[in-house]
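> To be precise about what I am sending: the file is called input.cif and holds mmCIF, C-alpha atoms.
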```cif
data_start
#
loop_
_atom_site.label_atom_id
_atom_site.label_comp_id
_atom_site.auth_asym_id
_atom_site.auth_seq_id
_atom_site.Cartn_x
_atom_site.Cartn_y
_atom_site.Cartn_z
CA MET A 1209 7.06 -9.87 -8.42
CA LYS A 1210 7.28 -11.74 -11.74
CA LYS A 1211 11.05 -11.53 -11.56
CA LEU A 1212 10.95 -12.83 -7.96
CA ILE A 1213 8.98 -15.90 -9.06
CA GLY A 1214 11.35 -16.43 -11.99
CA ILE A 1215 14.46 -16.28 -9.82
CA PHE A 1216 12.80 -18.55 -7.21
CA PHE A 1217 12.09 -21.06 -9.99
CA LEU A 1218 15.67 -20.80 -11.25
CA LEU A 1219 17.07 -21.43 -7.78
CA CYS A 1220 14.76 -24.39 -7.23
CA ILE A 1221 15.75 -26.21 -10.38
CA SER A 1222 19.42 -25.36 -9.84
CA THR A 1223 19.23 -26.93 -6.39
CA ILE A 1224 18.31 -30.26 -7.96
CA TYR A 1225 21.86 -30.75 -9.12
CA ALA A 1226 23.71 -28.39 -6.74
CA GLN A 1227 22.73 -29.85 -3.38
CA SER A 1228 24.44 -33.23 -3.68
CA GLY A 1229 28.13 -33.60 -2.85
CA ILE A 1230 28.49 -36.82 -4.80
CA ASN A 1231 30.68 -36.14 -7.81
CA ASN A 1232 29.33 -39.03 -9.87
CA PHE A 1233 25.78 -37.87 -9.31
CA LEU A 1234 26.62 -34.41 -10.61
CA LYS A 1235 28.49 -35.70 -13.66
CA PRO A 1236 26.41 -35.27 -16.84
CA SER A 1237 25.41 -38.56 -18.42
CA ASP A 1238 26.93 -39.44 -21.81
CA THR A 1239 23.72 -41.22 -22.85
CA LEU A 1240 20.07 -40.79 -21.98
CA HIS A 1241 19.61 -41.49 -18.26
CA LYS A 1242 15.86 -42.13 -18.02
CA PRO A 1243 15.58 -42.05 -14.18
CA ARG A 1244 17.29 -38.64 -14.13
CA ARG A 1245 15.19 -37.33 -16.99
CA ASN A 1246 11.93 -38.55 -15.45
CA ALA A 1247 12.81 -37.14 -12.03
CA LEU A 1248 13.74 -33.85 -13.67
CA VAL A 1249 10.48 -33.60 -15.62
CA ILE A 1250 8.39 -34.38 -12.51
CA THR A 1251 10.36 -31.89 -10.39
CA GLU A 1252 10.15 -29.10 -12.96
CA ALA A 1253 6.43 -29.67 -13.50
CA SER A 1254 5.87 -29.57 -9.73
CA VAL A 1255 7.92 -26.40 -9.26
CA ILE A 1256 6.15 -24.68 -12.15
CA GLY A 1257 2.73 -25.74 -10.87
CA VAL A 1258 3.40 -24.64 -7.29
CA SER A 1259 4.92 -21.35 -8.47
CA LEU A 1260 1.95 -20.50 -10.67
CA VAL A 1261 -0.62 -21.45 -8.03
CA GLY A 1262 1.28 -19.46 -5.41
CA LEU A 1263 1.60 -16.48 -7.74
CA ASN A 1264 -2.12 -16.54 -8.47
CA GLN A 1265 -3.13 -16.82 -4.79
CA LEU A 1266 -0.57 -14.53 -3.20
CA TRP A 1267 -0.36 -11.84 -5.86
CA TYR A 1268 -3.18 -11.72 -8.39
CA ALA A 1269 -5.97 -12.67 -5.95
CA ASP A 1270 -5.74 -9.20 -4.37
CA TYR A 1271 -6.68 -7.47 -7.62
CA GLU A 1272 -9.79 -7.39 -9.80
CA LYS A 1273 -9.98 -9.76 -12.76
CA SER A 1274 -10.68 -8.50 -16.27
CA LYS A 1275 -10.92 -9.62 -19.85
CA LEU A 1276 -7.62 -10.35 -21.54
CA HIS A 1277 -6.13 -6.97 -22.44
CA THR A 1278 -2.76 -5.57 -23.46
CA LEU A 1279 -0.60 -2.89 -21.89
CA ASN A 1280 2.13 -0.83 -23.53
CA ASP A 1281 4.72 -0.34 -20.79
CA ASN A 1282 7.75 -0.10 -23.06
CA GLU A 1283 8.64 3.43 -21.93
CA GLU A 1284 8.56 2.69 -18.20
CA TRP A 1285 11.57 2.45 -15.85
CA LEU A 1286 13.90 3.43 -18.71
CA GLN A 1287 13.45 -0.15 -20.00
CA MET A 1288 15.17 -1.69 -16.94
CA ASP A 1289 12.24 -4.08 -16.46
CA LYS A 1290 12.66 -5.26 -20.04
CA PHE A 1291 16.33 -6.03 -19.44
CA GLY A 1292 15.17 -8.00 -16.39
CA HIS A 1293 12.93 -10.11 -18.61
CA VAL A 1294 15.79 -10.78 -21.06
CA PHE A 1295 18.05 -11.80 -18.18
CA SER A 1296 15.46 -14.04 -16.48
CA SER A 1297 14.53 -15.82 -19.70
CA TYR A 1298 18.18 -16.38 -20.60
CA GLN A 1299 19.20 -17.73 -17.19
CA MET A 1300 16.14 -19.97 -16.77
CA GLY A 1301 16.70 -21.34 -20.28
CA ARG A 1302 20.38 -21.93 -19.54
CA ALA A 1303 19.50 -23.83 -16.37
CA GLY A 1304 16.86 -25.87 -18.20
CA ALA A 1305 19.29 -26.86 -20.95
CA GLU A 1306 22.07 -27.74 -18.51
CA LEU A 1307 19.72 -29.93 -16.48
CA LEU A 1308 18.72 -31.85 -19.60
CA LYS A 1309 22.40 -32.21 -20.50
CA TRP A 1310 22.95 -33.68 -17.02
CA SER A 1311 20.21 -36.20 -17.85
CA GLY A 1312 21.94 -37.23 -21.08
CA VAL A 1313 19.28 -35.74 -23.35
CA ARG A 1314 20.51 -35.07 -26.89
CA LYS A 1315 21.57 -31.54 -27.83
CA LYS A 1316 18.56 -30.84 -30.04
CA ASP A 1317 16.14 -31.60 -27.21
CA GLN A 1318 18.19 -29.60 -24.74
CA LEU A 1319 17.56 -26.54 -26.87
CA LEU A 1320 13.97 -27.40 -27.78
CA TYR A 1321 12.68 -28.32 -24.31
CA GLY A 1322 15.26 -26.91 -21.91
CA ALA A 1323 16.40 -23.58 -23.32
CA THR A 1324 12.79 -22.52 -23.95
CA LEU A 1325 11.79 -23.19 -20.34
CA GLY A 1326 12.16 -19.55 -19.30
CA PHE A 1327 10.20 -18.24 -22.26
CA GLY A 1328 7.34 -20.69 -21.63
CA PHE A 1329 7.12 -20.00 -17.90
CA LEU A 1330 7.29 -16.22 -18.26
CA THR A 1331 4.69 -16.29 -21.05
CA ILE A 1332 2.21 -17.99 -18.70
CA VAL A 1333 2.91 -15.30 -16.11
CA GLU A 1334 2.31 -12.67 -18.79
CA ILE A 1335 -1.09 -14.18 -19.53
CA PHE A 1336 -1.90 -13.87 -15.83
CA ASP A 1337 -1.06 -10.18 -16.16
CA GLY A 1338 -3.38 -9.93 -19.14
CA TYR A 1339 -6.37 -11.08 -17.07
CA SER A 1340 -5.59 -8.72 -14.19
CA GLU A 1341 -7.21 -5.27 -14.05
CA GLU A 1342 -4.06 -3.88 -12.43
CA TRP A 1343 -1.71 -4.84 -15.26
CA GLY A 1344 -2.01 -6.15 -18.81
CA PHE A 1345 -0.40 -8.45 -21.35
CA SER A 1346 2.78 -6.73 -22.52
CA TRP A 1347 4.14 -7.51 -25.97
CA GLY A 1348 7.31 -5.74 -24.89
CA ASP A 1349 7.78 -8.34 -22.16
CA ILE A 1350 7.18 -11.18 -24.62
CA ILE A 1351 9.76 -9.77 -27.04
CA SER A 1352 12.23 -9.42 -24.16
CA ASN A 1353 11.60 -13.01 -23.07
CA ALA A 1354 12.17 -14.18 -26.64
CA ALA A 1355 15.41 -12.16 -26.85
CA GLY A 1356 16.81 -13.87 -23.75
CA THR A 1357 15.93 -17.32 -25.06
CA GLY A 1358 17.25 -16.43 -28.51
CA LEU A 1359 20.58 -15.28 -27.10
CA TYR A 1360 21.15 -18.67 -25.51
CA VAL A 1361 19.86 -20.83 -28.37
CA GLY A 1362 21.54 -18.71 -31.05
CA GLN A 1363 24.98 -19.08 -29.50
CA GLU A 1364 24.58 -22.83 -29.09
CA LEU A 1365 23.63 -23.14 -32.76
CA LEU A 1366 26.37 -20.80 -33.95
CA TRP A 1367 29.30 -21.67 -31.67
CA GLU A 1368 28.11 -24.62 -29.54
CA GLU A 1369 29.07 -22.61 -26.46
CA GLN A 1370 28.09 -19.46 -24.59
CA ARG A 1371 30.70 -16.89 -25.54
CA ILE A 1372 28.46 -14.02 -24.36
CA THR A 1373 26.70 -14.43 -21.02
CA LEU A 1374 23.97 -12.29 -19.49
CA LYS A 1375 24.79 -11.32 -15.91
CA TYR A 1376 23.39 -9.23 -13.06
CA SER A 1377 24.79 -7.01 -10.32
CA PHE A 1378 23.19 -4.88 -7.62
CA HIS A 1379 23.96 -2.09 -5.16
CA GLN A 1380 21.58 -0.48 -2.67
CA THR A 1381 20.38 3.05 -3.42
CA GLN A 1382 18.69 5.95 -1.63
CA TYR A 1383 15.46 5.54 -3.58
CA ALA A 1384 14.03 2.38 -2.02
CA SER A 1385 13.57 4.09 1.35
CA GLN A 1386 11.61 6.87 -0.36
CA ARG A 1387 9.14 4.43 -1.93
CA PRO A 1388 9.47 0.96 -0.34
CA ASP A 1389 6.04 -0.16 -1.63
CA LYS A 1390 7.36 -0.03 -5.21
CA LEU A 1391 11.11 -0.38 -4.84
CA GLY A 1392 11.29 -2.88 -1.99
CA GLU A 1393 12.04 -2.88 1.71
CA GLY A 1394 15.18 -4.71 2.81
CA LEU A 1395 18.04 -6.05 0.72
CA LEU A 1396 16.26 -9.04 -0.84
CA GLU A 1397 13.20 -7.08 -1.98
CA GLU A 1398 15.35 -4.21 -3.22
CA MET A 1399 17.47 -6.60 -5.30
CA LEU A 1400 14.30 -7.63 -7.13
CA LYS A 1401 12.38 -4.34 -7.24
CA ASP A 1402 14.76 -1.37 -7.12
CA TYR A 1403 15.69 -0.80 -10.74
CA ASN A 1404 18.00 2.05 -9.67
CA GLY A 1405 20.45 -0.42 -8.15
CA GLN A 1406 20.32 -3.11 -10.82
CA THR A 1407 22.79 -3.47 -13.67
CA TYR A 1408 22.48 -5.99 -16.51
CA TRP A 1409 25.62 -7.08 -18.32
CA LEU A 1410 26.63 -8.65 -21.60
CA SER A 1411 29.80 -10.45 -20.52
CA ALA A 1412 31.93 -11.65 -23.47
CA ASN A 1413 34.73 -14.19 -23.13
CA VAL A 1414 37.90 -12.81 -24.70
CA HIS A 1415 39.71 -16.13 -25.29
CA SER A 1416 36.79 -17.73 -27.12
CA PHE A 1417 36.88 -14.96 -29.73
CA PHE A 1418 40.64 -14.48 -30.16
CA LYS A 1419 42.05 -17.93 -29.26
CA LYS A 1420 45.30 -16.49 -27.87
CA ASP A 1421 47.15 -18.66 -25.35
CA LYS A 1422 48.32 -15.65 -23.35
CA ILE A 1423 44.73 -14.60 -22.65
CA PRO A 1424 43.27 -16.31 -19.54
CA LYS A 1425 40.37 -18.51 -20.58
CA TRP A 1426 38.22 -17.14 -17.76
CA LEU A 1427 38.70 -13.45 -18.62
CA ASN A 1428 35.65 -11.55 -19.87
CA VAL A 1429 34.94 -8.00 -20.99
CA ALA A 1430 31.52 -6.78 -19.85
CA LEU A 1431 29.19 -4.08 -21.16
CA GLY A 1432 26.52 -3.02 -18.68
CA TYR A 1433 23.28 -1.03 -18.68
CA GLY A 1434 21.61 0.58 -15.69
CA ALA A 1435 19.44 3.56 -14.76
CA ASP A 1436 19.14 5.92 -11.80
CA GLY A 1437 16.88 8.56 -10.27
CA MET A 1438 13.60 6.65 -10.74
CA LEU A 1439 10.78 6.67 -8.19
CA THR A 1440 8.04 5.85 -10.71
CA GLY A 1441 7.75 4.04 -14.01
CA ASN A 1442 7.77 7.32 -15.89
CA ASN A 1443 8.01 11.05 -15.19
CA GLU A 1444 4.27 11.58 -15.37
CA THR A 1445 2.61 11.17 -11.96
CA GLU A 1446 -0.26 12.75 -10.07
CA ASP A 1447 1.72 12.68 -6.81
CA ILE A 1448 3.65 15.97 -6.60
CA SER A 1449 6.21 14.39 -4.26
CA PHE A 1450 7.47 12.27 -7.16
CA LEU A 1451 7.86 15.08 -9.69
CA ASN A 1452 11.19 16.30 -11.08
CA GLN A 1453 12.97 12.99 -10.84
CA ASN A 1454 16.62 13.06 -11.90
CA ARG A 1455 16.33 10.09 -14.24
CA LYS A 1456 19.36 8.99 -16.23
CA ARG A 1457 20.63 6.05 -18.25
CA GLN A 1458 24.00 4.55 -17.36
CA TYR A 1459 26.37 2.54 -19.55
CA TYR A 1460 29.31 0.59 -18.15
CA LEU A 1461 32.56 -1.00 -19.32
CA SER A 1462 34.31 -3.46 -17.02
CA LEU A 1463 36.13 -6.78 -16.71
CA ASP A 1464 34.51 -9.99 -15.49
CA VAL A 1465 35.14 -13.68 -14.77
CA ASP A 1466 33.53 -16.56 -16.67
CA PHE A 1467 33.36 -19.13 -13.88
CA ASN A 1468 32.34 -21.86 -16.32
CA ARG A 1469 35.79 -21.64 -17.95
CA ILE A 1470 37.76 -22.18 -14.74
CA LYS A 1471 39.32 -25.60 -15.19
CA THR A 1472 38.42 -28.24 -12.60
CA ASN A 1473 37.74 -31.98 -12.59
CA SER A 1474 35.22 -31.63 -9.77
CA HIS A 1475 31.64 -31.74 -11.02
CA PHE A 1476 30.55 -30.25 -7.70
CA LEU A 1477 32.71 -27.18 -8.34
CA LYS A 1478 31.50 -27.01 -11.92
CA THR A 1479 27.95 -26.88 -10.56
CA VAL A 1480 28.87 -24.14 -8.08
CA PHE A 1481 30.61 -22.18 -10.84
CA SER A 1482 27.55 -22.51 -13.09
CA VAL A 1483 25.35 -20.97 -10.39
CA LEU A 1484 27.88 -18.21 -9.65
CA ASN A 1485 28.03 -17.32 -13.35
CA VAL A 1486 24.72 -15.51 -12.95
CA ILE A 1487 26.51 -12.70 -11.08
CA LYS A 1488 28.88 -10.09 -12.53
CA VAL A 1489 32.09 -10.01 -10.47
CA PRO A 1490 32.88 -6.54 -9.01
CA PHE A 1491 35.76 -4.88 -10.88
CA PRO A 1492 36.98 -1.34 -11.61
CA THR A 1493 34.38 0.09 -13.98
CA LEU A 1494 33.99 3.00 -16.37
CA GLU A 1495 30.53 4.61 -16.40
CA ILE A 1496 29.07 6.85 -19.10
CA ASN A 1497 25.71 8.55 -18.47
CA ASN A 1498 23.60 11.26 -20.07
CA LYS A 1499 23.80 13.65 -17.09
CA ASN A 1500 27.41 14.09 -15.99
CA GLY A 1501 29.40 12.29 -18.66
CA ILE A 1502 32.15 9.86 -17.66
CA LYS A 1503 32.69 8.50 -14.16
CA PHE A 1504 35.18 5.95 -12.83
CA HIS A 1505 34.34 3.42 -10.08
CA ALA A 1506 37.27 1.76 -8.28
CA ILE A 1507 34.95 -1.18 -7.57
CA TYR A 1508 31.43 -1.37 -8.97
CA PHE A 1509 28.69 -3.69 -7.76
#
```
Output the file's structure as structure tokens, nothing else.


Amino acid sequence: MKKLIGIFFLLCISTIYAQSGINNFLKPSDTLHKPRRNALVITEASVIGVSLVGLNQLWYADYEKSKLHTLNDNEEWLQMDKFGHVFSSYQMGRAGAELLKWSGVRKKDQLLYGATLGFGFLTIVEIFDGYSEEWGFSWGDIISNAAGTGLYVGQELLWEEQRITLKYSFHQTQYASQRPDKLGEGLLEEMLKDYNGQTYWLSANVHSFFKKDKIPKWLNVALGYGADGMLTGNNETEDISFLNQNRKRQYYLSLDVDFNRIKTNSHFLKTVFSVLNVIKVPFPTLEINNKNGIKFHAIYF
């Protein structure tokens, strides 16, 4: 659910600059554009406020409140939920920084106030968890959120560009139908809840590291992590129907496309490419797992 709210927030703020077809409107300002900045701040504050109120009323209101307490969930779901936090924090921070760039805000403030947007929002959600009897404040989640933000900010400070991008892909699995209450019912819910079908990727741009003219500037090499065979957070459960799960970690090697490096003079297309760059492009993929060794996928989603 937290990831659902995070992605909803990301889509909302992306829509601010993706919905208009006017090229000049989408062009980032060279100097501070106060009307854009003010509109952006008001919109982001509104989206955050509505999201948090909605989350509290539609999700946490159904569970008992408690004193602030912590929860160690670092061993659950083979850490797939933690990778989800890294990804969400990175992508929300990237969107926040790009929106401030569009407003003509200086680079330092883009990183200080934009790139930290995901970490701040997800930290508030984590505090909500801490006051809920059902869950708890997870330091593992906080560390994951910080890692996602750090990956974006660190690259901007080191290279002034994103040479390594965090991406996401998904395929439907057999497990959601066995436990739809936890793993989702229908494609949209399963994309957010079924960790068995999710893969998180570190997608590295080859040209930015080697600077060879023969290498396409959009070509990336991607390393992925996923997991399979999970019906519960861990193997220990009181429900005998969920015992003996065939849980395994999966590691992937594949190619990818960095849409942000496709050359175009259209700021509308640049905006579309920026949104698409969240998703790992399906390619032939090599899988290594701890159950049956090496496996080749002609096309992997």

> With the file shown as input, list the residues that the PyMOL selection byres ((chain A and resi 1372) around 9) selects, as an MDAnalysis selection string.

chainID A and resid 1359:1360 1363 1369:1371 1373:1374 1410:1413 1428

> Kindly assemble as CSV a list of the segment 1379-1485 of chain A residues that lie within 12 Å of segment 1271-1295 of chain A, each paired with its nearest atom pair and their distance in Å to one decimal, using only C-alpha atoms, sorted first by chain and then by ascending residue number.


```
residue,atom,partner,partner_atom,distance
A:Lys1390,CA,A:Trp1285,CA,11.7
A:Leu1391,CA,A:Trp1285,CA,11.4
A:Met1399,CA,A:Gly1292,CA,11.4
A:Leu1400,CA,A:Gly1292,CA,9.3
A:Lys1401,CA,A:Asp1289,CA,9.2
A:Asp1402,CA,A:Met1288,CA,9.8
A:Tyr1403,CA,A:Met1288,CA,6.3
A:Asn1404,CA,A:Met1288,CA,8.7
A:Gly1405,CA,A:Met1288,CA,10.3
A:Gln1406,CA,A:Met1288,CA,8.1
A:Thr1407,CA,A:Met1288,CA,8.5
A:Tyr1408,CA,A:Phe1291,CA,6.8
A:Trp1409,CA,A:Phe1295,CA,8.9
A:Leu1410,CA,A:Phe1295,CA,9.8
A:Gly1432,CA,A:Phe1291,CA,10.7
A:Tyr1433,CA,A:Met1288,CA,8.3
A:Gly1434,CA,A:Met1288,CA,6.9
A:Ala1435,CA,A:Leu1286,CA,6.8
A:Asp1436,CA,A:Leu1286,CA,9.0
A:Gly1437,CA,A:Trp1285,CA,9.8
A:Met1438,CA,A:Trp1285,CA,6.9
A:Leu1439,CA,A:Trp1285,CA,8.8
A:Thr1440,CA,A:Trp1285,CA,7.1
A:Gly1441,CA,A:Glu1284,CA,4.5
A:Asn1442,CA,A:Glu1284,CA,5.2
A:Asn1443,CA,A:Glu1284,CA,8.9
A:Glu1444,CA,A:Glu1284,CA,10.3
A:Gln1453,CA,A:Trp1285,CA,11.8
A:Arg1455,CA,A:Leu1286,CA,8.4
A:Lys1456,CA,A:Leu1286,CA,8.2
A:Arg1457,CA,A:Leu1286,CA,7.2
A:Gln1458,CA,A:Leu1286,CA,10.3
```

> For a test of reading the model, state the distance in Å between atom CA of Lys1309 of chain A and atom CA of Thr1479 of chain A, rounded to one decimal.

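Value for the atom CA of Lys1309 of chain A-atom CA of Thr1479 of chain A distance: 12.6 Å.
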
> Can you pull out every residue within 12 Å of Lys1488 of chain A, counting only C-alpha atoms, but drop anything in the same chain fewer than 2 positions away, and send it as an mmCIF file with C-alpha atoms, in the frame of the given file?


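Listing of selection14.cif after writing:
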```
data_model
loop_
_atom_site.group_PDB
_atom_site.id
_atom_site.type_symbol
_atom_site.label_atom_id
_atom_site.label_comp_id
_atom_site.auth_asym_id
_atom_site.auth_seq_id
_atom_site.Cartn_x
_atom_site.Cartn_y
_atom_site.Cartn_z
ATOM 1 C CA THR A 1373 26.700 -14.430 -21.020
ATOM 2 C CA LEU A 1374 23.970 -12.290 -19.490
ATOM 3 C CA LYS A 1375 24.790 -11.320 -15.910
ATOM 4 C CA TYR A 1376 23.390 -9.230 -13.060
ATOM 5 C CA SER A 1377 24.790 -7.010 -10.320
ATOM 6 C CA PHE A 1378 23.190 -4.880 -7.620
ATOM 7 C CA HIS A 1379 23.960 -2.090 -5.160
ATOM 8 C CA GLN A 1406 20.320 -3.110 -10.820
ATOM 9 C CA THR A 1407 22.790 -3.470 -13.670
ATOM 10 C CA TYR A 1408 22.480 -5.990 -16.510
ATOM 11 C CA TRP A 1409 25.620 -7.080 -18.320
ATOM 12 C CA LEU A 1410 26.630 -8.650 -21.600
ATOM 13 C CA SER A 1411 29.800 -10.450 -20.520
ATOM 14 C CA ALA A 1412 31.930 -11.650 -23.470
ATOM 15 C CA ASN A 1428 35.650 -11.550 -19.870
ATOM 16 C CA VAL A 1429 34.940 -8.000 -20.990
ATOM 17 C CA ALA A 1430 31.520 -6.780 -19.850
ATOM 18 C CA LEU A 1431 29.190 -4.080 -21.160
ATOM 19 C CA GLY A 1432 26.520 -3.020 -18.680
ATOM 20 C CA LEU A 1461 32.560 -1.000 -19.320
ATOM 21 C CA SER A 1462 34.310 -3.460 -17.020
ATOM 22 C CA LEU A 1463 36.130 -6.780 -16.710
ATOM 23 C CA ASP A 1464 34.510 -9.990 -15.490
ATOM 24 C CA VAL A 1465 35.140 -13.680 -14.770
ATOM 25 C CA ASP A 1466 33.530 -16.560 -16.670
ATOM 26 C CA PHE A 1467 33.360 -19.130 -13.880
ATOM 27 C CA VAL A 1483 25.350 -20.970 -10.390
ATOM 28 C CA LEU A 1484 27.880 -18.210 -9.650
ATOM 29 C CA ASN A 1485 28.030 -17.320 -13.350
ATOM 30 C CA VAL A 1486 24.720 -15.510 -12.950
ATOM 31 C CA PRO A 1490 32.880 -6.540 -9.010
ATOM 32 C CA PHE A 1491 35.760 -4.880 -10.880
ATOM 33 C CA PRO A 1492 36.980 -1.340 -11.610
ATOM 34 C CA THR A 1493 34.380 0.090 -13.980
ATOM 35 C CA ILE A 1507 34.950 -1.180 -7.570
ATOM 36 C CA TYR A 1508 31.430 -1.370 -8.970
ATOM 37 C CA PHE A 1509 28.690 -3.690 -7.760
#
```

> Between A:Leu1307, A:Asp1270, A:Glu1341, A:Asn1231, single out the one closest to Leu1248 of chain A, counting all atoms listed in the file.

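Going through A:Leu1307, A:Asp1270, A:Glu1341, A:Asn1231 one by one, the smallest distance to Leu1248 of chain A is for A:Leu1307.
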
> If the PyMOL selection byres ((chain A and resi 1312) around 6) were run on this exact file, what residues would it hold? Put them as a PyMOL selection string.

chain A and resi 1237-1241+1309-1311+1313
